[in-house]
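Beneath this line is the structure, given in structure tokens, with notes to follow.
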Amino acid sequence: MQEHPTSWLIFTHHQPPVTPDDFWKAWNFEPSILIPIALITLIYLWGMRNVWQRAGAGHGINRRRYSSFLGVLLAFLVAFVSPLDALSDVLFSAHMVQHMILILVATPLLVMSDFPLAFLWALPRPWAQSLGYRLNRSQTLLRIWRVSSGPVFAWLLFTIVFWVWHASTLYEAALEDEAVHILEHLGFLITAMLFWWVLLRPTGQKHVRYGMAIPYLFGTLLQSGILGALMTFTDQPWYPSYAALVAAWGLTPLQDQQLAGLIMWIPGGAVFTLLTIGYFAVWLRALEERSIQMQRDSLRARQALK
């Protein structure tokens with residue numbers, strides 16, 4: 001069988017390509033992966049320690065947020081250190097699992113962990129105070145943040161990045177160049193964090209926030225489902241770099257791509273479907289609570305006039 005001319009380029013991390021026989025030996029202990037994970041962990045733990053010294057254990061950064069950060073670490077280890085990372089070099093479906101872990105598990109947990117607070121408390125106090133002062137005083141940064149943290153902008157940015165990186169040209173470039181691959185993962189990480197921050201932030205009235213979340217999530221369910229369906233029902237593989245690699249795993253390139261599409265479409269879609277239903281339920285409850293509160297306020301006002 002003739003080897004695809006670009007297939008050797010994707011093995012910057014794993015030489016030779018992983019096979020079923022050596023899958024469980026293909027752990028990734030490269031410093032370029034372990035050092036950032038260790039650095040993020042040290043920053044969070046040091047910041048949490050400083051917060052707890054000032055506010056008391058379990059306060060400021062509570063145990064739920066701490067548990068969320070432990071979930072982030074587990075997700076990163078599974079996605080980038082476990083043999084899944086080696087498998088993602090030879091199977092598009094494994095690469096899709098890696099992306100789903102990053103987007104649907106790691107980033108929402110990172111938002112819930114309140115990492116920015118831990119980061120500020122990990123800095124020396126003069127640095128943190130200076131940084132906070134400059135951020136609050138910069139009108140340009142405040143305007144940028146208001147726009148970028150709006151639901152419409154966050155959703156559009158997340159959707160554009162999600163689709164663009166699955167275009168054949170860019171996806172192939174990420175397979176062939178590790179710098180582009182890192183850029184791809186950073187793009188998913190940053191835009192997904194913004195997406196989840198807009199959804200999970202506890203701001204505004206409940207009935208407004210929950211009502212916004214319904215079209216926000218449904219639109220995401222729709223666009224990701226369309227992309228997953230396109231991958232599933234196509235009759236041609238999109239990414240030729242996998243062509244010479246999937247046979248060892250008992251798949252054809254088209255079957256591998258269809259499996260990746262199903263992973264995006266069904267498990268990924270299930271997450272957004274359940275969230276949409278959940279937010280719809282709490283939105284109805286918030287509307288009911290608001291209606292009851294308005295009736296009570298109206299009754300008090302009438303009694304005050306008597």
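Within each chain, counting starts at residue 1; across the structure tokens, chains are named A, B, ... in the order shown, with ligands numbered 1 upward in that order.
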Non-local contacts of segment 88-98 of chain A (10 Å; only C-alpha atoms; under 6 positions in same chain excluded) as a PDB file with N, CA and C atoms, in the first residue's frame:
```pdb
ATOM      1  N   SER A   7       1.322  11.681   5.520  1.00  0.00           N
ATOM      2  CA  SER A   7       0.944  10.977   6.740  1.00  0.00           C
ATOM      3  C   SER A   7       2.042  10.984   7.791  1.00  0.00           C
ATOM      4  N   ILE A  10       2.265  13.886  10.783  1.00  0.00           N
ATOM      5  CA  ILE A  10       1.441  14.059  11.969  1.00  0.00           C
ATOM      6  C   ILE A  10       2.029  13.358  13.185  1.00  0.00           C
ATOM      7  N   PHE A  11       3.138  12.660  13.052  1.00  0.00           N
ATOM      8  CA  PHE A  11       3.679  11.914  14.178  1.00  0.00           C
ATOM      9  C   PHE A  11       4.768  12.687  14.902  1.00  0.00           C
ATOM     10  N   THR A  12       4.502  13.977  15.134  1.00  0.00           N
ATOM     11  CA  THR A  12       5.467  14.768  15.873  1.00  0.00           C
ATOM     12  C   THR A  12       5.540  14.330  17.323  1.00  0.00           C
ATOM     13  N   HIS A  13       4.466  13.700  17.850  1.00  0.00           N
ATOM     14  CA  HIS A  13       4.440  13.277  19.240  1.00  0.00           C
ATOM     15  C   HIS A  13       4.623  11.777  19.391  1.00  0.00           C
ATOM     16  N   HIS A  14       4.103  11.001  18.457  1.00  0.00           N
ATOM     17  CA  HIS A  14       4.056   9.557  18.662  1.00  0.00           C
ATOM     18  C   HIS A  14       4.654   8.850  17.458  1.00  0.00           C
ATOM     19  N   PRO A  17       3.067   5.336  14.494  1.00  0.00           N
ATOM     20  CA  PRO A  17       1.654   5.471  14.825  1.00  0.00           C
ATOM     21  C   PRO A  17       1.190   4.339  15.730  1.00  0.00           C
ATOM     22  N   VAL A  18       0.336   4.692  16.692  1.00  0.00           N
ATOM     23  CA  VAL A  18      -0.115   3.721  17.680  1.00  0.00           C
ATOM     24  C   VAL A  18      -0.985   2.662  17.016  1.00  0.00           C
ATOM     25  N   THR A  19      -0.844   1.430  17.482  1.00  0.00           N
ATOM     26  CA  THR A  19      -1.641   0.296  16.996  1.00  0.00           C
ATOM     27  C   THR A  19      -2.392  -0.315  18.175  1.00  0.00           C
ATOM     28  N   ALA A  75      -9.855  15.877  33.085  1.00  0.00           N
ATOM     29  CA  ALA A  75     -10.196  15.992  31.663  1.00  0.00           C
ATOM     30  C   ALA A  75      -8.946  16.245  30.825  1.00  0.00           C
ATOM     31  N   PHE A  76      -8.062  17.126  31.294  1.00  0.00           N
ATOM     32  CA  PHE A  76      -6.826  17.412  30.566  1.00  0.00           C
ATOM     33  C   PHE A  76      -5.931  16.170  30.491  1.00  0.00           C
ATOM     34  N   VAL A  78      -6.879  13.011  30.605  1.00  0.00           N
ATOM     35  CA  VAL A  78      -7.473  12.041  29.680  1.00  0.00           C
ATOM     36  C   VAL A  78      -7.263  12.486  28.238  1.00  0.00           C
ATOM     37  N   ALA A  79      -7.448  13.782  27.969  1.00  0.00           N
ATOM     38  CA  ALA A  79      -7.394  14.270  26.599  1.00  0.00           C
ATOM     39  C   ALA A  79      -5.975  14.323  26.042  1.00  0.00           C
ATOM     40  N   PHE A  80      -4.996  14.708  26.878  1.00  0.00           N
ATOM     41  CA  PHE A  80      -3.670  15.013  26.346  1.00  0.00           C
ATOM     42  C   PHE A  80      -2.536  14.139  26.870  1.00  0.00           C
ATOM     43  N   LEU A 175      -2.998  18.868  11.563  1.00  0.00           N
ATOM     44  CA  LEU A 175      -2.398  17.536  11.619  1.00  0.00           C
ATOM     45  C   LEU A 175      -0.932  17.558  11.217  1.00  0.00           C
ATOM     46  N   HIS A 185      -6.304  23.901  19.379  1.00  0.00           N
ATOM     47  CA  HIS A 185      -6.792  23.581  20.707  1.00  0.00           C
ATOM     48  C   HIS A 185      -7.000  24.841  21.545  1.00  0.00           C
ATOM     49  N   TYR A 239     -10.623  14.277   5.251  1.00  0.00           N
ATOM     50  CA  TYR A 239      -9.244  14.490   5.699  1.00  0.00           C
ATOM     51  C   TYR A 239      -8.342  13.348   5.221  1.00  0.00           C
ATOM     52  N   SER A 241      -5.230  12.772   5.371  1.00  0.00           N
ATOM     53  CA  SER A 241      -4.085  12.353   6.181  1.00  0.00           C
ATOM     54  C   SER A 241      -4.352  11.089   6.980  1.00  0.00           C
ATOM     55  N   TYR A 242      -5.630  10.776   7.233  1.00  0.00           N
ATOM     56  CA  TYR A 242      -5.963   9.574   7.982  1.00  0.00           C
ATOM     57  C   TYR A 242      -6.032   8.327   7.083  1.00  0.00           C
ATOM     58  N   ALA A 243      -5.973   8.521   5.767  1.00  0.00           N
ATOM     59  CA  ALA A 243      -6.288   7.435   4.831  1.00  0.00           C
ATOM     60  C   ALA A 243      -5.425   6.195   5.050  1.00  0.00           C
ATOM     61  N   ALA A 244      -4.135   6.387   5.293  1.00  0.00           N
ATOM     62  CA  ALA A 244      -3.229   5.244   5.409  1.00  0.00           C
ATOM     63  C   ALA A 244      -3.080   4.742   6.847  1.00  0.00           C
ATOM     64  N   LEU A 245      -3.893   5.280   7.784  1.00  0.00           N
ATOM     65  CA  LEU A 245      -3.643   5.023   9.196  1.00  0.00           C
ATOM     66  C   LEU A 245      -4.735   4.222   9.890  1.00  0.00           C
ATOM     67  N   VAL A 246      -5.940   4.232   9.338  1.00  0.00           N
ATOM     68  CA  VAL A 246      -7.075   3.683  10.075  1.00  0.00           C
ATOM     69  C   VAL A 246      -7.233   2.176   9.907  1.00  0.00           C
ATOM     70  N   ALA A 247      -6.603   1.585   8.881  1.00  0.00           N
ATOM     71  CA  ALA A 247      -6.819   0.167   8.581  1.00  0.00           C
ATOM     72  C   ALA A 247      -6.436  -0.729   9.759  1.00  0.00           C
ATOM     73  N   ALA A 248      -5.383  -0.349  10.499  1.00  0.00           N
ATOM     74  CA  ALA A 248      -4.943  -1.161  11.637  1.00  0.00           C
ATOM     75  C   ALA A 248      -6.019  -1.263  12.716  1.00  0.00           C
ATOM     76  N   TRP A 249      -6.963  -0.348  12.701  1.00  0.00           N
ATOM     77  CA  TRP A 249      -8.032  -0.333  13.704  1.00  0.00           C
ATOM     78  C   TRP A 249      -9.342  -0.890  13.155  1.00  0.00           C
ATOM     79  N   LEU A 251     -11.056  -0.049  10.447  1.00  0.00           N
ATOM     80  CA  LEU A 251     -11.972   0.939   9.900  1.00  0.00           C
ATOM     81  C   LEU A 251     -11.481   1.412   8.540  1.00  0.00           C
ATOM     82  N   PRO A 253     -11.370   4.961   6.097  1.00  0.00           N
ATOM     83  CA  PRO A 253     -11.398   6.399   6.389  1.00  0.00           C
ATOM     84  C   PRO A 253     -12.815   6.960   6.483  1.00  0.00           C
ATOM     85  N   LEU A 254     -13.721   6.480   5.622  1.00  0.00           N
ATOM     86  CA  LEU A 254     -15.096   6.977   5.654  1.00  0.00           C
ATOM     87  C   LEU A 254     -15.812   6.524   6.923  1.00  0.00           C
ATOM     88  N   GLN A 255     -15.611   5.295   7.341  1.00  0.00           N
ATOM     89  CA  GLN A 255     -16.233   4.806   8.572  1.00  0.00           C
ATOM     90  C   GLN A 255     -15.721   5.580   9.786  1.00  0.00           C
ATOM     91  N   ASP A 256     -14.430   5.852   9.788  1.00  0.00           N
ATOM     92  CA  ASP A 256     -13.837   6.626  10.876  1.00  0.00           C
ATOM     93  C   ASP A 256     -14.475   8.011  10.945  1.00  0.00           C
ATOM     94  N   GLN A 257     -14.639   8.655   9.802  1.00  0.00           N
ATOM     95  CA  GLN A 257     -15.251   9.982   9.773  1.00  0.00           C
ATOM     96  C   GLN A 257     -16.719   9.920  10.187  1.00  0.00           C
ATOM     97  N   GLN A 258     -17.435   8.901   9.744  1.00  0.00           N
ATOM     98  CA  GLN A 258     -18.842   8.764  10.129  1.00  0.00           C
ATOM     99  C   GLN A 258     -18.977   8.541  11.630  1.00  0.00           C
ATOM    100  N   LEU A 259     -18.060   7.778  12.210  1.00  0.00           N
ATOM    101  CA  LEU A 259     -18.074   7.573  13.657  1.00  0.00           C
ATOM    102  C   LEU A 259     -17.813   8.898  14.376  1.00  0.00           C
ATOM    103  N   ALA A 260     -16.876   9.700  13.857  1.00  0.00           N
ATOM    104  CA  ALA A 260     -16.602  11.014  14.442  1.00  0.00           C
ATOM    105  C   ALA A 260     -17.843  11.900  14.374  1.00  0.00           C
ATOM    106  N   GLY A 261     -18.534  11.864  13.227  1.00  0.00           N
ATOM    107  CA  GLY A 261     -19.757  12.638  13.102  1.00  0.00           C
ATOM    108  C   GLY A 261     -20.815  12.216  14.097  1.00  0.00           C
ATOM    109  N   LEU A 262     -20.959  10.909  14.318  1.00  0.00           N
ATOM    110  CA  LEU A 262     -21.924  10.413  15.293  1.00  0.00           C
ATOM    111  C   LEU A 262     -21.557  10.839  16.709  1.00  0.00           C
ATOM    112  N   ILE A 263     -20.254  10.872  17.019  1.00  0.00           N
ATOM    113  CA  ILE A 263     -19.799  11.305  18.347  1.00  0.00           C
ATOM    114  C   ILE A 263     -20.167  12.764  18.575  1.00  0.00           C
ATOM    115  N   MET A 264     -19.964  13.596  17.560  1.00  0.00           N
ATOM    116  CA  MET A 264     -20.345  15.003  17.687  1.00  0.00           C
ATOM    117  C   MET A 264     -21.859  15.157  17.756  1.00  0.00           C
ATOM    118  N   PRO A 267     -23.690  12.041  21.294  1.00  0.00           N
ATOM    119  CA  PRO A 267     -23.327  12.410  22.670  1.00  0.00           C
ATOM    120  C   PRO A 267     -23.230  13.923  22.865  1.00  0.00           C
ATOM    121  N   GLY A 268     -22.583  14.615  21.896  1.00  0.00           N
ATOM    122  CA  GLY A 268     -22.494  16.067  22.008  1.00  0.00           C
ATOM    123  C   GLY A 268     -23.862  16.720  21.989  1.00  0.00           C
TER     124      GLY A 268
END
```
Expected answer as a ChimeraX atom specification: alpha helix (DSSP H) residues in segment 82-259 of chain A: /A:84-87,92-101,107-112,115-122,125-137,139-148,151-164,168-176,178-200,206-233,253-259
Could you build a table of the residues in segment 187-242 of chain A lying no more than 7 Å from segment 274-291 of chain A, giving for each the nearest pair of atoms and their separation in Å rounded to one decimal place, using only C-alpha atoms, ordered by chain and ascending residue number, as a Markdown table?
```
| residue | atom | partner | partner_atom | distance |
| --- | --- | --- | --- | --- |
| A:Lys206 | CA | A:Ala286 | CA | 6.1 |
| A:His207 | CA | A:Ala286 | CA | 5.1 |
| A:Tyr210 | CA | A:Trp283 | CA | 5.1 |
| A:Gly211 | CA | A:Trp283 | CA | 5.9 |
| A:Ala213 | CA | A:Tyr279 | CA | 6.7 |
| A:Ile214 | CA | A:Thr276 | CA | 5.5 |
| A:Leu217 | CA | A:Thr276 | CA | 5.8 |
| A:Phe218 | CA | A:Thr276 | CA | 6.3 |
```
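For the pair atom CA of Pro202 of chain A and atom CA of Arg65 of chain A, the separation is 14.1 Å.
Nearest to Tyr171 of chain A of all the residues A:Arg209, A:Ser113, A:Gly228, A:Trp238 is A:Trp238, based on only C-alpha atoms.
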